[in-house]
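Everything below belongs to structure15.cif, which stores mmCIF, C-alpha atoms.
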```cif
data_run
#
loop_
_atom_site.label_atom_id
_atom_site.label_comp_id
_atom_site.auth_asym_id
_atom_site.auth_seq_id
_atom_site.Cartn_x
_atom_site.Cartn_y
_atom_site.Cartn_z
CA MET M 85 -21.04 -13.78 -6.41
CA LEU M 86 -21.22 -11.00 -3.86
CA SER M 87 -24.73 -10.19 -2.82
CA GLN M 88 -26.15 -6.71 -3.27
CA ARG M 89 -26.66 -6.44 0.46
CA TYR M 90 -23.00 -7.21 1.13
CA LEU M 91 -21.89 -4.64 -1.43
CA LEU M 92 -23.99 -1.99 0.28
CA LYS M 93 -23.16 -2.89 3.87
CA ARG M 94 -19.45 -3.80 3.59
CA GLY M 95 -17.00 -1.93 5.76
CA LEU M 96 -14.43 -1.30 3.09
CA PRO M 97 -15.11 0.18 -0.32
CA MET M 98 -12.99 -2.39 -2.10
CA TYR M 99 -12.91 -3.59 -5.62
CA ILE M 100 -11.61 -7.12 -6.02
CA GLN M 101 -10.92 -8.70 -9.37
CA HIS M 102 -12.31 -12.19 -9.38
CA ALA M 103 -10.97 -15.16 -11.32
CA GLU M 104 -14.45 -15.55 -12.81
CA ALA M 105 -14.26 -12.06 -14.34
CA HIS M 106 -12.52 -13.26 -17.52
CA ARG M 107 -14.45 -16.52 -17.88
CA LYS M 108 -17.49 -17.23 -19.97
CA PRO M 109 -20.69 -16.16 -18.18
CA ARG M 110 -23.06 -18.91 -17.14
CA TRP M 111 -25.87 -17.78 -19.41
CA LEU M 112 -23.93 -18.19 -22.66
CA PRO M 113 -24.81 -21.40 -24.59
CA VAL M 114 -22.41 -24.24 -25.39
CA ALA M 115 -19.91 -23.36 -28.11
CA LYS M 116 -20.76 -24.60 -31.59
CA SER M 117 -17.63 -26.74 -31.82
CA LYS M 118 -18.40 -28.43 -28.50
CA ILE M 119 -22.14 -28.98 -28.94
CA TYR M 120 -22.07 -32.74 -29.63
CA ARG M 121 -19.03 -33.50 -27.51
CA ILE M 122 -19.71 -36.03 -24.76
CA PRO M 123 -17.09 -35.98 -22.03
CA LYS M 124 -15.55 -39.33 -21.25
CA ARG M 125 -16.55 -40.82 -17.92
CA PRO M 126 -13.61 -41.91 -15.78
CA VAL M 127 -13.35 -45.69 -15.71
CA VAL M 128 -12.86 -47.10 -12.23
CA SER M 129 -12.38 -50.82 -11.99
CA GLU M 130 -14.42 -52.83 -9.50
CA ASP M 131 -11.35 -53.71 -7.40
CA GLU M 132 -10.30 -50.08 -7.24
CA ARG M 133 -13.80 -48.98 -6.34
CA LEU M 134 -14.02 -51.45 -3.47
CA GLU M 135 -10.56 -50.53 -2.23
CA LEU M 136 -11.42 -46.83 -2.40
CA ARG M 137 -14.64 -47.43 -0.48
CA ARG M 138 -12.76 -49.33 2.17
CA ILE M 139 -10.06 -46.74 2.69
CA ASN M 140 -12.56 -43.91 2.56
CA ASN M 141 -14.64 -45.56 5.26
CA ALA M 142 -11.56 -46.10 7.38
CA TYR M 143 -10.47 -42.51 6.85
CA ASN M 144 -13.87 -41.11 7.71
CA THR M 145 -14.04 -43.15 10.90
CA GLN M 146 -10.58 -42.04 11.97
CA MET M 147 -11.32 -38.43 11.14
CA ARG M 148 -14.53 -38.52 13.14
CA ALA M 149 -12.57 -39.80 16.14
CA ILE M 150 -9.88 -37.14 15.70
CA ARG M 151 -12.41 -34.37 15.39
CA ARG M 152 -14.28 -35.54 18.46
CA PHE M 153 -10.98 -35.71 20.36
CA TYR M 154 -10.16 -32.09 19.59
CA VAL M 155 -13.66 -30.91 20.42
CA GLU M 156 -13.56 -32.72 23.75
CA ASP M 157 -10.09 -31.33 24.36
CA TRP M 158 -11.45 -27.84 23.83
CA VAL M 159 -14.39 -28.46 26.13
CA ARG M 160 -12.06 -29.80 28.84
CA GLU M 161 -9.77 -26.80 28.52
CA LYS M 162 -12.68 -24.41 28.69
CA SER M 163 -14.09 -26.05 31.82
CA SER M 164 -10.69 -25.99 33.51
CA LEU M 165 -10.37 -22.32 32.63
CA GLU M 166 -13.80 -21.63 34.09
CA SER M 167 -13.01 -23.47 37.34
CA ALA M 168 -9.78 -21.53 37.58
CA THR M 169 -11.74 -18.28 37.69
CA SER M 170 -13.28 -19.16 41.09
CA GLU M 171 -12.05 -18.30 44.64
CA MET M 172 -8.29 -18.81 44.48
CA SER M 173 -7.83 -17.03 41.20
CA GLN M 174 -10.20 -14.30 42.31
CA ARG M 175 -8.08 -13.67 45.40
CA LEU M 176 -4.95 -13.64 43.29
CA GLU M 177 -6.60 -11.21 40.95
CA ALA M 178 -7.61 -8.93 43.84
CA ASP M 179 -4.01 -8.90 45.11
CA GLU M 180 -2.79 -8.11 41.64
CA TRP M 181 -5.32 -5.33 41.42
CA LEU M 182 -4.14 -3.77 44.68
CA LYS M 183 -0.54 -3.94 43.52
CA CYS M 184 -1.45 -2.35 40.25
CA GLU M 185 -3.35 0.42 42.03
CA GLU M 186 -0.37 1.23 44.27
CA LEU M 187 1.93 1.36 41.30
CA ASN M 188 -0.54 3.51 39.45
CA ASP M 189 -0.81 5.96 42.36
CA LYS M 190 2.95 6.21 42.55
CA TRP M 191 3.24 6.93 38.88
CA ASN M 192 0.43 9.46 39.07
CA LYS M 193 2.19 11.34 41.92
CA GLN M 194 5.42 11.40 39.98
CA ILE M 195 3.68 12.68 36.93
CA ALA M 196 1.78 15.33 38.94
CA SER M 197 4.99 16.71 40.49
CA ASN M 198 6.64 16.77 37.09
CA ARG M 199 3.67 18.61 35.67
CA GLU M 200 3.75 21.19 38.49
CA GLU M 201 7.41 21.89 37.83
CA ARG M 202 6.84 22.19 34.17
CA ARG M 203 3.93 24.57 34.64
CA LYS M 204 6.00 26.80 36.95
CA LYS M 205 8.74 26.96 34.36
CA GLU M 206 6.26 27.74 31.65
CA LEU M 207 4.70 30.52 33.73
CA GLU M 208 8.10 32.09 34.40
CA ALA M 209 8.99 31.95 30.77
CA MET M 210 5.68 33.57 29.87
CA GLU M 211 6.17 36.41 32.40
CA GLU M 212 9.65 37.06 31.13
CA PHE M 213 8.43 37.15 27.60
CA ALA M 214 5.63 39.59 28.48
CA LEU M 215 8.03 41.89 30.35
CA LEU M 216 10.45 41.90 27.44
CA ARG M 217 7.63 42.78 25.09
CA MET M 218 6.43 45.61 27.34
CA GLU M 219 9.94 47.05 27.59
CA ALA M 220 10.42 46.90 23.88
CA LYS M 221 7.12 48.68 23.32
CA ASP M 222 8.01 51.43 25.86
CA LYS M 223 11.35 51.92 24.18
CA ALA M 224 9.81 52.21 20.75
CA LEU M 225 7.26 54.75 22.02
CA LYS M 226 9.97 56.83 23.67
CA GLU M 227 12.03 56.86 20.51
CA ARG M 228 9.04 57.99 18.53
CA ILE M 229 8.36 60.87 20.93
CA GLU M 230 12.00 61.93 20.78
CA ARG M 231 11.99 61.93 17.02
CA ALA M 232 8.83 64.01 16.98
CA SER M 233 10.20 66.57 19.47
CA GLU M 234 13.41 66.89 17.44
CA LYS M 235 11.38 67.58 14.36
CA ILE M 236 9.41 70.27 16.24
CA LYS M 237 12.63 71.91 17.41
CA LYS M 238 13.99 72.02 13.90
CA GLU M 239 10.79 73.57 12.59
CA LYS M 240 10.89 76.18 15.34
CA GLU M 241 14.45 77.08 14.39
CA LEU M 242 13.47 77.29 10.75
CA SER M 243 10.44 79.45 11.56
CA THR M 244 12.74 82.46 12.27
CA THR M 245 13.56 82.63 8.55
CA PHE M 246 9.95 82.30 7.39
CA VAL M 247 8.47 85.12 5.31
CA THR M 248 5.58 86.66 7.22
CA ARG M 249 3.13 89.47 6.54
CA GLU M 250 5.22 91.86 8.64
CA ASN M 251 8.57 91.37 6.92
CA LEU M 252 7.18 90.82 3.45
CA GLU M 253 8.18 94.24 2.05
CA GLU M 254 11.64 94.00 3.49
CA THR M 255 12.19 90.55 2.04
CA ILE M 256 11.02 91.62 -1.39
CA GLU M 257 13.39 94.52 -1.36
CA HIS M 258 16.24 92.36 -0.12
CA VAL M 259 15.63 89.81 -2.89
CA LEU M 260 15.44 92.46 -5.57
CA ALA M 261 18.68 93.97 -4.31
CA ASN M 262 20.56 90.62 -4.36
CA PRO M 263 19.68 88.64 -7.47
CA ILE M 264 21.11 85.10 -7.64
CA ASP M 265 21.99 83.43 -10.90
CA TYR M 266 21.70 79.68 -10.78
CA ASN M 267 23.14 79.08 -14.28
CA PHE M 268 26.52 77.44 -14.51
CA ALA M 269 28.85 75.82 -17.04
CA ILE M 270 30.90 72.67 -16.66
CA ASP M 271 34.03 71.56 -18.54
CA SER M 272 35.38 68.07 -19.27
CA LYS M 273 37.41 68.07 -16.02
CA GLY M 274 34.33 68.67 -13.89
CA ASN M 275 35.03 72.30 -12.98
CA ILE M 276 31.88 74.32 -12.40
CA TYR M 277 31.67 77.97 -13.54
CA GLU M 278 28.75 79.66 -11.83
CA GLY M 279 26.87 82.55 -13.34
CA ARG M 280 25.82 83.34 -16.87
CA ASP M 281 28.37 86.04 -17.61
CA THR M 282 31.46 84.74 -15.83
CA GLU M 283 34.65 85.06 -17.84
CA ILE M 284 36.35 81.68 -18.42
CA GLU M 285 40.12 81.63 -18.20
CA TYR M 286 41.56 78.93 -20.49
CA GLU M 287 44.90 77.36 -19.65
CA ASP M 288 46.37 77.67 -23.16
CA LYS M 289 44.27 79.98 -25.22
CA LYS M 290 46.20 79.47 -28.44
CA LYS M 291 45.70 75.75 -28.58
CA VAL M 292 41.99 76.16 -28.19
CA GLU M 293 41.82 78.78 -30.88
CA ALA M 294 43.81 76.52 -33.23
CA ALA M 295 41.38 73.70 -32.55
CA ASN M 296 38.43 75.97 -33.36
CA MET H 133 -8.44 2.64 2.67
CA PRO H 134 -6.10 -0.37 3.29
CA LEU H 135 -7.11 -3.90 2.34
CA PRO H 136 -7.81 -6.37 5.15
CA PRO H 137 -4.65 -8.29 6.13
CA ALA H 138 -4.14 -11.69 4.50
CA SER H 139 -3.04 -13.01 7.91
CA GLY H 140 -6.61 -12.60 9.12
CA THR H 141 -8.91 -10.05 10.65
CA GLY H 142 -9.87 -12.15 13.67
CA LYS H 143 -13.50 -11.17 13.18
CA TYR H 144 -16.15 -13.80 12.64
CA TYR H 145 -19.68 -14.82 13.53
CA ALA H 146 -19.55 -17.36 16.36
CA LEU H 147 -22.35 -19.50 14.96
CA ALA H 148 -21.24 -19.49 11.31
CA ALA H 149 -19.57 -22.64 9.94
CA LYS H 150 -15.80 -22.32 9.60
CA SER H 151 -13.62 -23.87 6.94
CA ILE H 152 -9.87 -24.46 6.83
CA ARG H 153 -8.83 -24.09 3.21
CA LEU H 154 -6.09 -23.14 0.79
CA ILE H 155 -6.28 -19.55 -0.42
CA ARG H 156 -4.28 -18.70 -3.51
CA GLN H 157 -2.00 -15.73 -2.90
CA GLY H 158 0.54 -15.96 -5.73
CA CYS H 159 0.40 -14.20 -9.06
CA THR H 160 0.05 -15.44 -12.63
CA ASN H 161 2.14 -18.60 -13.22
CA ARG H 162 3.32 -18.57 -9.63
CA PRO H 163 0.93 -20.33 -7.28
CA PHE H 164 1.31 -19.80 -3.56
CA PHE H 165 -1.24 -20.66 -0.92
CA HIS H 166 -2.15 -19.56 2.54
CA ILE H 167 -3.77 -22.15 4.78
CA SER H 168 -6.46 -20.06 6.41
CA VAL H 169 -9.59 -20.48 8.46
CA THR H 170 -12.58 -18.57 7.12
CA GLN H 171 -16.30 -18.67 7.32
CA ARG H 172 -17.52 -21.43 5.08
CA LYS H 173 -19.78 -19.23 2.96
CA ARG H 174 -17.12 -16.68 2.23
CA LEU H 175 -15.27 -16.41 -1.07
CA ASN H 176 -11.53 -16.88 -1.22
CA SER H 177 -11.14 -13.22 -2.09
CA GLN H 178 -12.84 -12.09 1.09
CA PRO H 179 -11.11 -11.41 4.42
CA VAL H 180 -10.15 -14.50 6.42
CA ILE H 181 -10.45 -15.08 10.16
CA GLU H 182 -6.92 -16.31 10.70
CA GLN H 183 -3.97 -17.68 8.77
CA LEU H 184 -2.82 -21.11 9.97
CA GLY H 185 0.08 -21.71 7.62
CA SER H 186 1.34 -21.56 4.07
CA TYR H 187 2.00 -23.95 1.20
CA ASP H 188 4.36 -23.40 -1.71
CA PRO H 189 3.50 -25.95 -4.42
CA MET H 190 6.50 -25.10 -6.63
CA PRO H 191 9.60 -27.16 -5.72
CA ASN H 192 12.56 -25.05 -4.62
CA ILE H 193 16.24 -25.67 -5.57
CA ASN H 194 16.36 -28.62 -3.13
CA ASN H 195 13.27 -30.11 -4.79
CA GLU H 196 11.11 -29.44 -1.74
CA LYS H 197 7.54 -28.16 -1.55
CA LEU H 198 7.45 -26.18 1.65
CA VAL H 199 4.55 -26.24 4.11
CA ALA H 200 4.30 -24.19 7.28
CA LEU H 201 1.64 -24.93 9.88
CA ASN H 202 0.50 -23.45 13.17
CA LEU H 203 -0.56 -26.71 14.76
CA GLU H 204 -1.77 -25.20 18.03
CA ARG H 205 -4.24 -22.93 16.31
CA LEU H 206 -5.19 -25.74 13.95
CA LYS H 207 -6.10 -27.86 16.98
CA PHE H 208 -8.07 -24.98 18.43
CA TRP H 209 -10.08 -24.47 15.26
CA LEU H 210 -10.71 -28.21 14.93
CA GLY H 211 -12.00 -28.05 18.48
CA GLN H 212 -14.34 -25.27 17.35
CA GLY H 213 -15.71 -27.68 14.74
CA ALA H 214 -14.08 -26.15 11.65
CA HIS H 215 -14.40 -28.12 8.41
CA VAL H 216 -11.23 -29.08 6.56
CA THR H 217 -11.22 -29.06 2.76
CA SER H 218 -9.70 -32.06 1.02
CA PRO H 219 -6.53 -30.37 -0.33
CA VAL H 220 -5.69 -29.25 3.21
CA ALA H 221 -6.62 -32.68 4.57
CA GLU H 222 -4.19 -34.25 2.08
CA LEU H 223 -1.40 -31.90 3.17
CA LEU H 224 -2.13 -32.60 6.84
CA GLY H 225 -2.14 -36.34 6.07
CA LEU H 226 1.31 -36.08 4.51
CA THR H 227 2.58 -34.09 7.51
CA GLY H 228 1.30 -36.80 9.88
CA PHE H 229 -1.26 -34.64 11.66
CA PHE H 230 -4.15 -36.55 10.10
CA PRO H 231 -4.33 -40.09 8.68
CA ILE H 232 -3.22 -40.32 5.05
CA HIS H 233 -5.99 -39.08 2.79
CA PRO H 234 -7.59 -41.69 0.45
CA LYS H 235 -6.87 -39.39 -2.50
CA SER H 236 -3.15 -39.56 -1.75
CA TYR H 237 -3.33 -43.36 -1.78
CA MET H 238 -5.27 -43.33 -5.02
CA THR H 239 -2.90 -41.00 -6.88
CA SER H 240 0.10 -42.92 -5.62
CA TRP H 241 -1.15 -46.31 -6.79
CA ARG H 242 -2.25 -44.86 -10.09
CA ASN H 243 1.15 -43.26 -10.62
CA ARG H 244 2.81 -46.53 -9.65
CA GLN H 245 0.66 -48.42 -12.16
CA ALA H 246 1.44 -45.90 -14.91
CA GLU H 247 5.18 -46.22 -14.19
CA GLN H 248 4.98 -50.00 -14.32
CA ASP H 249 3.08 -49.88 -17.59
CA ARG H 250 5.63 -47.50 -19.07
CA LEU H 251 8.55 -49.74 -18.08
CA LYS H 252 6.77 -52.77 -19.50
CA SER H 253 6.09 -51.07 -22.84
CA GLU H 254 9.71 -49.90 -23.02
CA LYS H 255 10.93 -53.46 -22.42
CA GLU H 256 8.67 -54.78 -25.14
CA ALA H 257 9.86 -52.10 -27.55
CA VAL H 258 13.49 -53.05 -26.85
CA LYS H 259 12.62 -56.74 -27.42
CA SER H 260 10.84 -56.07 -30.71
CA THR H 261 13.78 -54.02 -32.06
CA ALA H 262 16.37 -56.65 -31.00
#
```
Would you mind writing the file out in structure tokens?
Amino acid sequence: MLSQRYLLKRGLPMYIQHAEAHRKPRWLPVAKSKIYRIPKRPVVSEDERLELRRINNAYNTQMRAIRRFYVEDWVREKSSLESATSEMSQRLEADEWLKCEELNDKWNKQIASNREERRKKELEAMEEFALLRMEAKDKALKERIERASEKIKKEKELSTTFVTRENLEETIEHVLANPIDYNFAIDSKGNIYEGRDTEIEYEDKKKVEAAN
Amino acid sequence: MPLPPASGTGKYYALAAKSIRLIRQGCTNRPFFHISVTQRKRLNSQPVIEQLGSYDPMPNINNEKLVALNLERLKFWLGQGAHVTSPVAELLGLTGFFPIHPKSYMTSWRNRQAEQDRLKSEKEAVKSTA
């Protein structure tokens, strides 16, 4: 079973389904049907037992030798590795280090020049962009001023026809003298007849009268 | 969060005992095993240190049970003093890396005996009917 400490301190919050999960728990008693069952002991004959003991002993001896061989092999390899780290290999390493440094410097220079170029380009692009924006803003402002001045001009022109305190009487008289009738009639052809009392001239009077 | 790789995490306590064992990776009714080195106290469901090979116990169409082994790493871990469980020791015995395991000898002579007994009983049955 996993210990509580492991569950709390584990690196991964995993849930693993164990094979034991669907088996009978240890604390349940023996099943009723199996309570008096005595499992059969395996019968091993004396010859077989002796033979097994012999081959097991032989196997264990051989395995011990093999294991020791591999351990010694490992120790030998380790010691050779350690001796290799002295003097000669250190000099080789230093040379390698110098080479690496040179290469690194070269690459760094290359990268620095590339970066400088790139930054110049970026700066130019930024300046261009800013100038374009400024121009666009100036243009928009100018247009706005023009539109406003046009509007003012129009209003000034219109102001000549305004009714003021001075020409109020005159205007009233003028209006009373010239009444305008906005009423009009329209026929099915779309002709407009302005005025309330305008006489309408029909094309064929008789036909219309007959229809009425 | 991903699960730890079945091929091994490479993390272990230097002083803990190691064990080279079979770890079941197949599904229901389809056994498949990784031969892995783990810490000896760990469960088979826990992350392993390193995978050393695989074993497919179901015979393929050519009636072969396939075993793959990384012998170099196996040697290394044996040099580190890793324990080898008996199923793995049997497999290694059959591959010729270790001496033949006593259990292999035992099963083989028992199977041989059973076969002989079967043949004998068949012969007797034929005789009694004739």
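Across the model, the gap from CA of Gly140 in chain H to CA of Pro179 in chain H is 6.6 Å.
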Using all atoms listed in the file, find each residue in chain M having at least one atom no more than 6 Å away from chain H; report its shortest atom-to-atom pair and that distance in Å (one decimal), rows by chain then rising number, as CSV.
```
residue,atom,partner,partner_atom,distance
M:Asn140,CA,H:Pro234,CA,5.8
M:Tyr154,CA,H:Gly211,CA,4.6
M:Val155,CA,H:Gly211,CA,3.8
M:Trp158,CA,H:Gly211,CA,5.4
```
Interatomic distance (Å, one decimal) between CA of Ser186 in chain H and CA of Phe165 in chain H: 5.7 Å
In Å and to one decimal, CA of Asp188 in chain H is distant from CA of Ile155 in chain H by 11.4 Å
For Ile152 in chain H, work out the shell of residues within 8 Å, counting only C-alpha atoms and skipping chain neighbours fewer than 5 positions away, then give it as a ChimeraX atom specification. /H:167-170,214-217,220
Which residue, M:Lys162, M:Asp265, M:Lys240, M:Arg110, has the smallest gap to Tyr277 in chain M when you use only C-alpha atoms? M:Asp265
Residues near Ala146 in chain H, anyone? I mean within 10 Å using all atoms listed in the file, not counting same-chain ones fewer than 3 positions away, as a list in words. Lys143, Ala149, Lys150, Gln171 and Gln212 of chain H
Once the PyMOL selection byres ((chain M and resi 136) around 12) has been applied to the shown file, what residues remain in the selection, as a list in words? Val128, Ser129, Glu130, Asp131, Glu132, Arg133, Leu134, Glu135, Arg137, Arg138, Ile139, Asn140, Asn141, Ala142, Tyr143 and Asn144 of chain M; His233, Pro234, Lys235, Ser236, Tyr237, Met238, Thr239 and Trp241 of chain H
Output the selection as a compact mmCIF listing (two decimals), keeping the file's coordinate frame - C-alpha atoms for each residue.
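out-v9.txt was written with the following content:
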```txt
# COMPACT_ATOMS: atom_id res chain seq x y z
CA VAL M 128 -12.86 -47.10 -12.23
CA SER M 129 -12.38 -50.82 -11.99
CA GLU M 130 -14.42 -52.83 -9.50
CA ASP M 131 -11.35 -53.71 -7.40
CA GLU M 132 -10.30 -50.08 -7.24
CA ARG M 133 -13.80 -48.98 -6.34
CA LEU M 134 -14.02 -51.45 -3.47
CA GLU M 135 -10.56 -50.53 -2.23
CA ARG M 137 -14.64 -47.43 -0.48
CA ARG M 138 -12.76 -49.33 2.17
CA ILE M 139 -10.06 -46.74 2.69
CA ASN M 140 -12.56 -43.91 2.56
CA ASN M 141 -14.64 -45.56 5.26
CA ALA M 142 -11.56 -46.10 7.38
CA TYR M 143 -10.47 -42.51 6.85
CA ASN M 144 -13.87 -41.11 7.71
CA HIS H 233 -5.99 -39.08 2.79
CA PRO H 234 -7.59 -41.69 0.45
CA LYS H 235 -6.87 -39.39 -2.50
CA SER H 236 -3.15 -39.56 -1.75
CA TYR H 237 -3.33 -43.36 -1.78
CA MET H 238 -5.27 -43.33 -5.02
CA THR H 239 -2.90 -41.00 -6.88
CA TRP H 241 -1.15 -46.31 -6.79
```
What does the PyMOL selection byres ((chain H and resi 189-200) around 9) select in this file, as a ChimeraX atom specification? /H:162-165,167,184-188,201-202,223,227
